[in-house]
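Text of input.tsv (TSV, C-alpha atoms) as supplied:
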chain	number	residue	atom	x	y	z
O	169	MET	CA	1.75	11.92	-18.55
O	170	GLY	CA	2.31	15.63	-18.19
O	171	ARG	CA	1.38	18.96	-16.70
O	172	TYR	CA	-0.61	21.46	-18.71
O	173	GLY	CA	-1.91	25.00	-18.28
O	174	ILE	CA	-5.15	26.38	-19.73
O	175	GLU	CA	-6.62	29.88	-19.56
O	176	GLN	CA	-10.22	29.99	-18.40
O	177	PRO	CA	-12.41	32.76	-19.90
O	178	LEU	CA	-13.33	35.71	-17.75
O	179	LEU	CA	-16.69	35.59	-16.00
O	180	GLY	CA	-19.45	36.19	-18.55
O	181	GLU	CA	-17.11	35.99	-21.55
O	182	GLY	CA	-17.54	32.34	-22.47
O	183	SER	CA	-18.16	28.84	-21.17
O	184	PRO	CA	-15.63	27.39	-18.70
O	185	ILE	CA	-13.25	24.87	-20.19
O	186	ASN	CA	-13.53	21.30	-18.91
O	187	ALA	CA	-10.05	20.66	-17.50
O	188	LEU	CA	-10.72	16.91	-17.59
O	189	GLY	CA	-11.76	16.89	-21.26
O	190	THR	CA	-9.88	17.52	-24.48
O	191	LEU	CA	-7.19	20.16	-24.12
O	192	PRO	CA	-8.18	23.37	-25.93
O	193	ALA	CA	-6.12	25.11	-28.59
O	194	GLY	CA	-3.38	27.29	-27.19
O	195	TYR	CA	-2.84	25.32	-23.98
O	196	GLN	CA	0.56	25.47	-22.28
O	197	ASP	CA	2.51	22.20	-22.11
O	198	PHE	CA	4.85	22.61	-19.13
O	199	TRP	CA	6.21	19.10	-19.54
O	200	SER	CA	4.98	15.73	-20.77
O	201	GLN	CA	6.33	12.22	-21.20
O	202	THR	CA	5.14	9.06	-22.94
O	203	PHE	CA	5.74	5.55	-21.60
O	204	ASN	CA	5.73	2.15	-23.24
O	205	SER	CA	5.86	-0.85	-20.92
O	206	ASN	CA	6.04	-4.53	-21.88
O	207	SER	CA	5.88	-7.24	-19.20
O	208	PHE	CA	6.26	-11.01	-19.33
O	209	THR	CA	5.75	-13.34	-16.38
O	210	ALA	CA	5.63	-17.12	-16.17
O	211	PHE	CA	5.40	-19.53	-13.27
O	212	VAL	CA	5.57	-23.25	-12.57
O	213	GLN	CA	4.24	-24.85	-9.38
O	214	ASP	CA	3.34	-28.22	-7.94
O	215	THR	CA	2.14	-29.71	-4.64
O	216	TYR	CA	3.33	-32.95	-3.04
O	217	HIS	CA	1.52	-34.76	-0.19
O	218	PRO	CA	3.97	-37.04	1.68
O	219	LEU	CA	1.23	-37.40	4.31
O	220	GLU	CA	-2.51	-36.83	4.09
O	221	ASN	CA	-2.30	-33.84	6.43
O	222	LEU	CA	0.96	-32.39	5.05
O	223	ALA	CA	1.28	-30.40	1.82
O	224	LEU	CA	4.60	-29.29	0.30
O	225	HIS	CA	4.48	-26.62	-2.41
O	226	PHE	CA	7.30	-25.96	-4.89
O	227	GLY	CA	7.58	-23.49	-7.76
O	228	PHE	CA	9.37	-20.59	-9.39
O	229	LYS	CA	8.50	-17.46	-11.34
O	230	SER	CA	10.21	-15.67	-14.23
O	231	LEU	CA	9.95	-11.93	-14.81
O	232	LEU	CA	10.87	-9.69	-17.74
O	233	GLN	CA	9.81	-6.05	-18.04
O	234	THR	CA	11.07	-3.31	-20.34
O	235	VAL	CA	9.97	0.31	-19.96
O	236	ARG	CA	10.74	3.08	-22.45
O	237	ALA	CA	10.15	6.75	-21.72
O	238	GLY	CA	10.22	9.68	-24.12
O	239	GLN	CA	10.06	13.43	-23.66
O	240	ASN	CA	7.19	15.08	-25.55
O	241	ALA	CA	7.60	18.62	-24.26
O	242	ASN	CA	9.63	20.55	-21.71
O	243	ASP	CA	9.30	24.20	-20.73
O	244	ALA	CA	12.74	24.91	-19.24
O	245	SER	CA	11.49	28.11	-17.60
O	246	TYR	CA	9.00	25.96	-15.63
O	247	THR	CA	11.00	22.78	-14.93
O	248	GLY	CA	14.36	24.48	-14.54
O	249	THR	CA	16.08	21.86	-16.69
O	250	ASP	CA	16.83	21.48	-20.37
O	251	ALA	CA	15.44	17.93	-20.57
O	252	ILE	CA	13.51	15.34	-18.56
O	253	ALA	CA	14.19	11.61	-18.55
O	254	ALA	CA	14.00	9.68	-21.82
O	255	GLY	CA	15.42	6.20	-22.25
O	256	SER	CA	14.76	2.58	-21.30
O	257	MET	CA	15.19	0.31	-18.27
O	258	THR	CA	14.86	-3.48	-18.13
O	259	THR	CA	14.08	-5.80	-15.24
O	260	ALA	CA	14.83	-9.48	-15.80
O	261	ARG	CA	15.15	-12.61	-13.66
O	262	ALA	CA	14.58	-16.12	-14.98
O	263	PHE	CA	14.38	-18.00	-11.66
O	264	LEU	CA	12.58	-16.70	-8.56
O	265	PRO	CA	11.97	-19.74	-6.33
O	266	HIS	CA	9.11	-20.27	-3.87
O	267	ILE	CA	8.81	-23.10	-1.33
O	268	SER	CA	6.08	-23.50	1.29
O	269	ALA	CA	4.36	-26.14	3.42
O	270	ASP	CA	1.35	-26.47	5.70
O	271	TRP	CA	0.77	-29.21	8.26
O	272	HIS	CA	-2.61	-29.87	9.93
O	273	PHE	CA	-1.11	-31.76	12.86
O	274	LEU	CA	-4.24	-31.77	15.10
O	275	ARG	CA	-7.89	-30.91	14.61
O	276	HIS	CA	-8.22	-27.10	14.35
O	277	HIS	CA	-4.40	-26.65	14.44
O	278	GLU	CA	-2.10	-25.79	11.53
O	279	LEU	CA	1.60	-24.96	11.14
O	280	PHE	CA	3.06	-23.43	7.97
O	281	PHE	CA	6.22	-21.92	6.55
O	282	ASP	CA	7.08	-19.99	3.39
O	283	ILE	CA	10.39	-19.13	1.67
O	284	SER	CA	10.53	-17.02	-1.50
O	285	GLU	CA	12.70	-14.74	-3.58
O	286	ASN	CA	11.04	-11.75	-5.24
O	287	MET	CA	12.02	-8.97	-7.59
O	288	LYS	CA	10.33	-5.59	-8.05
O	289	ALA	CA	10.22	-4.08	-11.53
O	290	TYR	CA	11.35	-0.48	-11.85
O	291	PRO	CA	8.40	1.79	-10.95
O	292	VAL	CA	6.89	3.82	-13.79
O	293	ALA	CA	6.21	7.44	-12.85
O	294	ALA	CA	6.54	10.77	-14.64
O	295	TYR	CA	8.75	13.75	-13.77
O	296	LYS	CA	8.76	14.43	-10.00
O	297	GLN	CA	5.92	11.94	-9.51
O	298	GLY	CA	7.54	9.16	-7.46
O	299	ALA	CA	10.46	6.82	-6.79
O	300	SER	CA	11.01	5.99	-10.45
O	301	PRO	CA	14.19	6.30	-12.52
O	302	PHE	CA	12.06	8.21	-15.08
O	303	ALA	CA	10.84	10.83	-12.57
O	304	VAL	CA	14.04	12.88	-12.78
O	305	THR	CA	15.91	15.10	-15.22
O	306	GLN	CA	17.77	13.68	-18.20
O	307	SER	CA	21.15	14.37	-16.61
O	308	GLN	CA	20.09	12.60	-13.40
O	309	PHE	CA	18.72	9.68	-15.40
O	310	ASN	CA	22.00	9.34	-17.29
O	311	GLN	CA	23.89	9.31	-13.97
O	312	ILE	CA	21.75	6.74	-12.16
O	313	ARG	CA	20.69	4.32	-14.91
O	314	GLY	CA	24.05	2.54	-15.01
O	315	GLY	CA	24.23	2.13	-11.22
O	316	LEU	CA	20.65	1.17	-10.44
O	317	LYS	CA	19.68	-2.45	-9.99
O	318	PRO	CA	16.17	-3.85	-9.52
O	319	GLU	CA	15.05	-4.24	-5.92
O	320	THR	CA	15.07	-7.86	-4.73
O	321	ASP	CA	14.29	-9.64	-1.48
O	322	TRP	CA	14.38	-13.01	0.24
O	323	ASN	CA	11.44	-13.61	2.56
O	324	TYR	CA	11.24	-16.27	5.30
O	325	ALA	CA	8.06	-16.83	7.29
O	326	VAL	CA	6.63	-19.32	9.76
O	327	GLY	CA	3.23	-19.31	11.39
O	328	TYR	CA	0.49	-21.05	13.33
O	329	ARG	CA	-3.31	-20.99	12.88
O	330	TYR	CA	-6.20	-22.22	15.02
O	331	LEU	CA	-9.82	-22.30	13.87
O	332	ASP	CA	-13.06	-23.47	15.44
O	333	LYS	CA	-16.62	-22.16	15.85
O	334	ILE	CA	-15.79	-19.86	18.77
O	335	LEU	CA	-12.17	-18.87	18.24
O	336	SER	CA	-9.90	-18.03	15.32
O	337	ALA	CA	-6.26	-17.23	16.07
O	338	SER	CA	-3.02	-16.86	14.16
O	339	VAL	CA	0.55	-15.78	14.74
O	340	TYR	CA	3.00	-15.14	11.92
O	341	ALA	CA	6.71	-14.32	12.18
O	342	TYR	CA	8.85	-13.21	9.25
O	343	HIS	CA	12.33	-12.11	8.26
O	344	THR	CA	13.04	-10.27	4.99
O	345	ASP	CA	16.32	-9.19	3.44
O	346	PHE	CA	15.93	-6.42	0.84
O	347	HIS	CA	18.71	-5.53	-1.58
O	348	ASN	CA	19.06	-2.43	-3.78
O	349	ARG	CA	16.18	-0.65	-2.07
O	350	LEU	CA	15.14	2.24	-4.33
O	351	GLN	CA	13.53	5.29	-2.74
O	352	GLN	CA	12.89	8.92	-3.63
O	353	THR	CA	14.88	11.60	-1.84
O	354	THR	CA	13.80	15.23	-2.11
O	355	SER	CA	15.12	18.66	-1.20
O	356	GLY	CA	14.36	22.21	-2.29
O	357	THR	CA	11.08	24.09	-2.07
O	358	ILE	CA	7.63	22.57	-2.39
O	359	VAL	CA	6.99	24.50	-5.64
O	360	ASN	CA	10.29	23.41	-7.15
O	361	PRO	CA	11.50	20.28	-5.36
O	362	ILE	CA	14.76	18.65	-6.33
O	363	SER	CA	14.07	14.93	-6.44
O	364	THR	CA	16.19	11.95	-7.32
O	365	VAL	CA	15.98	8.18	-6.95
O	366	ALA	CA	18.63	6.71	-4.70
O	367	ASN	CA	19.74	3.19	-3.96
O	368	VAL	CA	19.58	3.28	-0.16
O	369	GLY	CA	21.21	-0.15	0.07
O	370	SER	CA	19.91	-3.09	2.03
O	371	VAL	CA	16.99	-3.23	4.42
O	372	THR	CA	16.53	-5.90	7.09
O	373	MET	CA	12.99	-6.52	8.25
O	374	ASN	CA	11.87	-8.64	11.21
O	375	GLY	CA	8.29	-8.74	12.31
O	376	VAL	CA	5.41	-10.53	13.99
O	377	ASP	CA	1.70	-10.33	13.19
O	378	ALA	CA	-0.93	-11.83	15.49
O	379	GLY	CA	-4.69	-11.93	15.13
O	380	LEU	CA	-7.55	-13.15	17.32
O	381	THR	CA	-11.29	-13.33	16.59
O	382	ILE	CA	-13.71	-14.36	19.34
O	383	ARG	CA	-17.34	-15.05	18.56
O	384	LEU	CA	-18.70	-13.97	21.95
O	385	LEU	CA	-22.35	-14.71	21.23
O	386	ARG	CA	-24.25	-16.00	18.25
O	387	ASP	CA	-24.40	-12.54	16.64
O	388	VAL	CA	-21.41	-10.78	18.25
O	389	SER	CA	-17.75	-11.08	17.37
O	390	LEU	CA	-14.59	-9.30	18.54
O	391	TYR	CA	-11.51	-9.05	16.34
O	392	ASN	CA	-8.03	-7.95	17.46
O	393	SER	CA	-4.72	-7.82	15.62
O	394	ILE	CA	-1.31	-6.49	16.51
O	395	SER	CA	1.76	-6.03	14.36
O	396	TYR	CA	5.40	-5.29	15.14
O	397	ASN	CA	7.83	-4.51	12.33
O	398	HIS	CA	11.50	-3.71	12.85
O	399	ALA	CA	12.74	-2.62	9.40
O	400	THR	CA	16.07	-0.78	9.29
O	401	TYR	CA	18.54	0.41	6.67
O	402	GLY	CA	21.73	-1.60	6.50
O	403	GLU	CA	24.09	1.15	5.32
O	404	ASN	CA	24.55	4.88	5.51
O	405	LEU	CA	23.25	6.90	2.58
O	406	VAL	CA	25.75	8.77	0.41
O	407	GLU	CA	24.07	11.65	-1.42
O	408	ALA	CA	25.84	14.39	-3.42
O	409	GLY	CA	29.16	13.53	-1.77
O	410	ALA	CA	27.77	13.72	1.78
O	411	THR	CA	27.27	10.73	4.09
O	412	TYR	CA	24.06	10.54	6.15
O	413	ALA	CA	23.66	8.28	9.18
O	414	THR	CA	20.78	6.08	7.98
O	415	HIS	CA	22.33	2.82	9.20
O	416	GLY	CA	20.03	1.26	11.83
O	417	GLN	CA	17.20	3.77	11.25
O	418	GLN	CA	13.62	2.56	10.78
O	419	ILE	CA	12.59	2.89	7.12
O	420	VAL	CA	10.63	6.04	6.30
O	421	ASN	CA	6.81	6.22	6.34
O	422	TYR	CA	6.40	2.85	8.07
O	423	PRO	CA	5.51	2.37	11.76
O	424	ARG	CA	6.89	-0.30	14.05
O	425	PHE	CA	3.63	-0.84	15.92
O	426	MET	CA	0.10	-1.24	14.56
O	427	TYR	CA	-3.03	-2.40	16.37
O	428	LYS	CA	-6.59	-2.94	15.14
O	429	ALA	CA	-9.79	-4.02	16.90
O	430	SER	CA	-13.36	-4.36	15.73
O	431	LEU	CA	-16.57	-5.21	17.61
O	432	SER	CA	-19.39	-6.26	15.30
O	433	TYR	CA	-23.02	-7.31	15.68
O	434	SER	CA	-25.15	-8.99	13.02
O	435	HIS	CA	-28.72	-10.21	13.29
O	436	GLY	CA	-31.07	-10.75	10.38
O	437	GLY	CA	-30.71	-7.83	8.00
O	438	PHE	CA	-29.04	-5.55	10.58
O	439	GLU	CA	-25.29	-5.10	10.96
O	440	ALA	CA	-23.27	-2.72	13.15
O	441	HIS	CA	-19.59	-2.33	13.95
O	442	ILE	CA	-17.19	-0.05	15.77
O	443	ASP	CA	-13.49	-0.14	14.90
O	444	THR	CA	-10.33	1.30	16.34
O	445	GLN	CA	-6.78	1.31	15.08
O	446	TYR	CA	-3.44	2.59	16.29
O	447	LEU	CA	-0.63	3.55	13.94
O	448	GLY	CA	2.69	4.09	15.69
O	449	GLN	CA	5.35	6.74	15.22
O	450	ARG	CA	6.88	6.90	11.72
O	451	ASN	CA	10.21	8.24	10.49
O	452	PHE	CA	9.67	11.14	8.10
O	453	SER	CA	13.34	11.79	7.32
O	454	TYR	CA	15.84	9.09	6.39
O	455	VAL	CA	18.16	9.87	9.32
O	456	GLY	CA	15.22	9.83	11.76
O	457	ASP	CA	15.53	13.41	13.05
O	458	MET	CA	11.94	14.20	11.96
O	459	LYS	CA	9.08	11.88	12.89
O	460	ALA	CA	5.30	11.78	12.58
O	461	PRO	CA	3.59	10.97	15.90
O	462	GLY	CA	1.38	7.91	16.38
O	463	TYR	CA	-2.38	8.21	16.52
O	464	TRP	CA	-5.64	6.38	17.30
O	465	LEU	CA	-8.56	6.40	14.84
O	466	GLU	CA	-12.13	5.12	15.39
O	467	ASN	CA	-14.95	4.44	12.91
O	468	LEU	CA	-18.61	3.50	13.44
O	469	GLY	CA	-21.04	2.01	10.94
O	470	MET	CA	-24.44	0.36	10.71
O	471	ARG	CA	-26.68	-0.89	7.91
O	472	TYR	CA	-30.00	-2.63	7.40
O	473	ASN	CA	-31.00	-4.80	4.45
O	474	PHE	CA	-34.77	-4.99	3.91
O	475	GLY	CA	-34.45	-8.00	1.58
O	476	LYS	CA	-37.21	-8.59	-0.99
O	477	MET	CA	-39.69	-5.72	-0.98
O	478	ALA	CA	-42.53	-8.03	-2.06
O	479	GLN	CA	-42.87	-9.10	1.58
O	480	TYR	CA	-43.91	-5.53	2.39
O	481	ASN	CA	-45.86	-4.67	-0.77
O	482	ARG	CA	-46.61	-7.01	-3.69
O	483	ASN	CA	-46.43	-4.08	-6.11
O	484	LEU	CA	-42.74	-3.73	-5.26
O	485	GLU	CA	-41.71	-7.29	-6.14
O	486	PHE	CA	-39.30	-5.93	-8.79
O	487	VAL	CA	-37.23	-4.29	-6.04
O	488	LYS	CA	-34.96	-6.25	-3.72
O	489	ASN	CA	-32.13	-5.74	-1.26
O	490	ILE	CA	-32.86	-2.14	-0.37
O	491	THR	CA	-30.05	-1.32	2.06
O	492	LEU	CA	-29.78	1.73	4.29
O	493	SER	CA	-26.34	2.49	5.69
O	494	PHE	CA	-24.82	5.12	7.95
O	495	ASP	CA	-21.12	5.52	8.77
O	496	ILE	CA	-18.99	7.89	10.81
O	497	TYR	CA	-15.32	8.16	9.92
O	498	ASN	CA	-12.86	9.45	12.54
O	499	LEU	CA	-15.44	9.29	15.31
O	500	ALA	CA	-13.29	11.20	17.83
O	501	ASN	CA	-12.29	13.85	15.25
O	502	GLN	CA	-8.62	13.01	15.73
O	503	LYS	CA	-5.99	15.24	14.09
O	504	TYR	CA	-3.31	13.11	12.45
O	505	ILE	CA	-0.88	12.84	9.54
O	506	ALA	CA	-2.13	10.35	6.96
O	507	THR	CA	-0.11	10.02	3.72
O	508	MET	CA	3.62	10.65	4.05
O	509	GLY	CA	6.29	11.12	1.39
O	510	GLU	CA	3.93	12.07	-1.46
O	511	ASN	CA	6.60	14.48	-2.71
O	512	GLY	CA	9.47	12.30	-1.52
O	513	ASN	CA	11.12	12.21	1.89
O	514	PRO	CA	13.91	14.53	3.06
O	515	VAL	CA	17.25	12.99	3.94
O	516	SER	CA	17.27	15.17	7.05
O	517	GLY	CA	14.95	17.75	8.59
O	518	ASP	CA	11.43	18.81	7.69
O	519	TYR	CA	9.71	19.09	4.32
O	520	GLN	CA	6.21	19.72	2.98
O	521	SER	CA	5.50	16.17	1.84
O	522	PHE	CA	2.56	14.77	3.78
O	523	MET	CA	-1.21	15.04	3.93
O	524	VAL	CA	-3.29	15.80	7.01
O	525	GLY	CA	-5.87	13.13	7.78
O	526	ALA	CA	-9.56	13.73	7.11
O	527	PRO	CA	-11.65	15.10	10.02
O	528	ARG	CA	-14.84	13.52	11.33
O	529	GLN	CA	-17.13	12.68	8.41
O	530	PHE	CA	-20.68	11.34	8.14
O	531	PHE	CA	-21.84	9.14	5.28
O	532	GLY	CA	-25.33	7.87	4.51
O	533	SER	CA	-26.48	5.85	1.52
O	534	ILE	CA	-29.44	3.99	0.06
O	535	LYS	CA	-28.86	1.05	-2.26
O	536	ALA	CA	-31.41	-1.01	-4.19
O	537	GLU	CA	-31.31	-3.86	-6.72
O	538	PHE	CA	-33.82	-4.31	-9.53
Show me this structure written as structure tokens.
Amino acid sequence: MGRYGIEQPLLGEGSPINALGTLPAGYQDFWSQTFNSNSFTAFVQDTYHPLENLALHFGFKSLLQTVRAGQNANDASYTGTDAIAAGSMTTARAFLPHISADWHFLRHHELFFDISENMKAYPVAAYKQGASPFAVTQSQFNQIRGGLKPETDWNYAVGYRYLDKILSASVYAYHTDFHNRLQQTTSGTIVNPISTVANVGSVTMNGVDAGLTIRLLRDVSLYNSISYNHATYGENLVEAGATYATHGQQIVNYPRFMYKASLSYSHGGFEAHIDTQYLGQRNFSYVGDMKAPGYWLENLGMRYNFGKMAQYNRNLEFVKNITLSFDIYNLANQKYIATMGENGNPVSGDYQSFMVGAPRQFFGSIKAEF
């Protein structure tokens, strides 16, 4: 991975260089790194049926991953540092247990629970490219590598499902305890951001997801889902000798409320749907003094499958499943913030690290099988 500069010829003085092809002679290597990653996973599981309608699942997983990074090139006048991260990090855990059960206690009714421990391997990303211990300078890497620990969590969940020909419903409640949460913090200008990977401590997450699908008529169905997630940092963040009040703040880039609904119609080869979704307010900064507002987004789509073309013309029997489709994204042309934290999130205040959502767009396509 790296960042390179090439000089395109002046207009009329040669063919343009394909920036996605082989790099030409004389290119500028601003910085580049190589990565070698080796992963090993294993799992054991079994299911026990104490009753015909009750299943108990037991198992565990083992994880081992080693990542090595090396510096190939570094232009100090561009990066502002004498070296970028080179070294190795290892994630290892021999026993990650998982226990679950599901009980079909009445016709159409089901109860279930799930308990598991998980571990996240260190992310692999190049210089200033994400929340990875290798995405920093060599001096920062040397400082953090001894203090970083892999992110782990315990997850507890319980839920209920109902299913019949007319109605499908589910409700799912969960509690998760994260430890050693690793996230990217950024300051400085957008052209020369100062990024580091910080252990922001523990995160406690409590949430509920609920979904309901109603088949109103033979060809019409209505789907609704709602989600509430209360995920907060457990400690204040200490960065460069300063303490920031992150305790109790909602985690960055993640909303507390989400809602989705979809009305669909299907008959023969014709399908149509209209969808809406709401994404609630999100914390942009770690201390919560800068937030992205919530927004609604609607989409519309329809398609028709003509099936085998031989039924229309025998000379076209080699063609089948011609499908015409038409979709409108962001039907109301809503202005909203989509991706957040692509250059890291600020500890406090504003920062140029998000992407504006796409405006209203129209898509049409023709597909055929031969």
- Query: Which residue gives the smallest distance to O:Leu380 among O:Gln351, O:Ala254, O:Lys428, O:Tyr401, with all atoms listed in the file counted?
  - Reply: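 Ranking O:Gln351, O:Ala254, O:Lys428, O:Tyr401 by distance to O:Leu380, first place goes to O:Lys428.
Non-sequential neighbours of O:Lys333 (distance at most 10 Å, separation of 6 or more positions within a chain, only C-alpha atoms) are His276, Ile382 and Arg383 of chain O.
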- Query: Do you know which residues are at most 8 Å from O:Gln201 counting all atoms listed in the file, after dropping those on the same chain fewer than 5 positions away, and could you put them as number ranges by chain?
  - Reply: O: 169-170, 237-241, 294-295
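Counting only C-alpha atoms, the residue from O:Gln502, O:His343, O:Ser245, O:Ser307 that sits nearest to O:Ser284 is O:His343.
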- Quick one: residues within 10 Å of O:Phe309, only C-alpha atoms counted, chain neighbours fewer than 2 positions away excluded, as a VMD selection string? chain O and resid 252 to 255 300 to 307 311 to 314 364 to 365
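Counting from atom CA of O:Leu405, the distance to atom CA of O:Lys296 is 20.6 Å.
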- Query: At most 8 Å from (6.8, -20.0, 7.1), file frame, all atoms listed in the file: which residues, as a ChimeraX atom specification?
  - Reply: /O:268-269,280-283,324-327,340-342
Could you take the residues named above and write them with C-alpha atoms, as a PDB file, in the frame of the given file?
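Saved the output as out-v4.pdb:
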ATOM      1  CA  SER O 268       6.080 -23.500   1.290  1.00  0.00           C
ATOM      2  CA  ALA O 269       4.360 -26.140   3.420  1.00  0.00           C
ATOM      3  CA  PHE O 280       3.060 -23.430   7.970  1.00  0.00           C
ATOM      4  CA  PHE O 281       6.220 -21.920   6.550  1.00  0.00           C
ATOM      5  CA  ASP O 282       7.080 -19.990   3.390  1.00  0.00           C
ATOM      6  CA  ILE O 283      10.390 -19.130   1.670  1.00  0.00           C
ATOM      7  CA  TYR O 324      11.240 -16.270   5.300  1.00  0.00           C
ATOM      8  CA  ALA O 325       8.060 -16.830   7.290  1.00  0.00           C
ATOM      9  CA  VAL O 326       6.630 -19.320   9.760  1.00  0.00           C
ATOM     10  CA  GLY O 327       3.230 -19.310  11.390  1.00  0.00           C
ATOM     11  CA  TYR O 340       3.000 -15.140  11.920  1.00  0.00           C
ATOM     12  CA  ALA O 341       6.710 -14.320  12.180  1.00  0.00           C
ATOM     13  CA  TYR O 342       8.850 -13.210   9.250  1.00  0.00           C
TER      14      TYR O 342
END
- Task: Determine, counting all atoms listed in the file, which protein, DNA and RNA residues have an atom within 10 Å of an atom of O:His347; residues of the same chain fewer than 6 positions away are not included. Present the result as a ChimeraX atom specification.
- Result: /O:287,317-322,367-372,402
Write out, as a JSON list (two decimals), in the coordinates of the input, the residues just selected, with C-alpha atoms.
[["chain", "number", "residue", "atom", "x", "y", "z"],
["O", 287, "MET", "CA", 12.02, -8.97, -7.59],
["O", 317, "LYS", "CA", 19.68, -2.45, -9.99],
["O", 318, "PRO", "CA", 16.17, -3.85, -9.52],
["O", 319, "GLU", "CA", 15.05, -4.24, -5.92],
["O", 320, "THR", "CA", 15.07, -7.86, -4.73],
["O", 321, "ASP", "CA", 14.29, -9.64, -1.48],
["O", 322, "TRP", "CA", 14.38, -13.01, 0.24],
["O", 367, "ASN", "CA", 19.74, 3.19, -3.96],
["O", 368, "VAL", "CA", 19.58, 3.28, -0.16],
["O", 369, "GLY", "CA", 21.21, -0.15, 0.07],
["O", 370, "SER", "CA", 19.91, -3.09, 2.03],
["O", 371, "VAL", "CA", 16.99, -3.23, 4.42],
["O", 372, "THR", "CA", 16.53, -5.90, 7.09],
["O", 402, "GLY", "CA", 21.73, -1.60, 6.50]]
- Item | Interatomic distance (Å, one decimal) between atom CA of O:Thr234 and atom CA of O:Ser256 | 7.0 Å
- Message: Please list as a list in words every residue within 6 Å of O:Phe226, counting all atoms listed in the file and excluding residues in the same chain fewer than 2 positions away.
- Response: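 The contact residues come out as Gln213, Asp214 and Ile267 of chain O.
Across O:Thr249, O:Leu279, O:Thr215, O:Lys488, the tightest approach to O:Gln308 is made by O:Thr249 when counting only C-alpha atoms.
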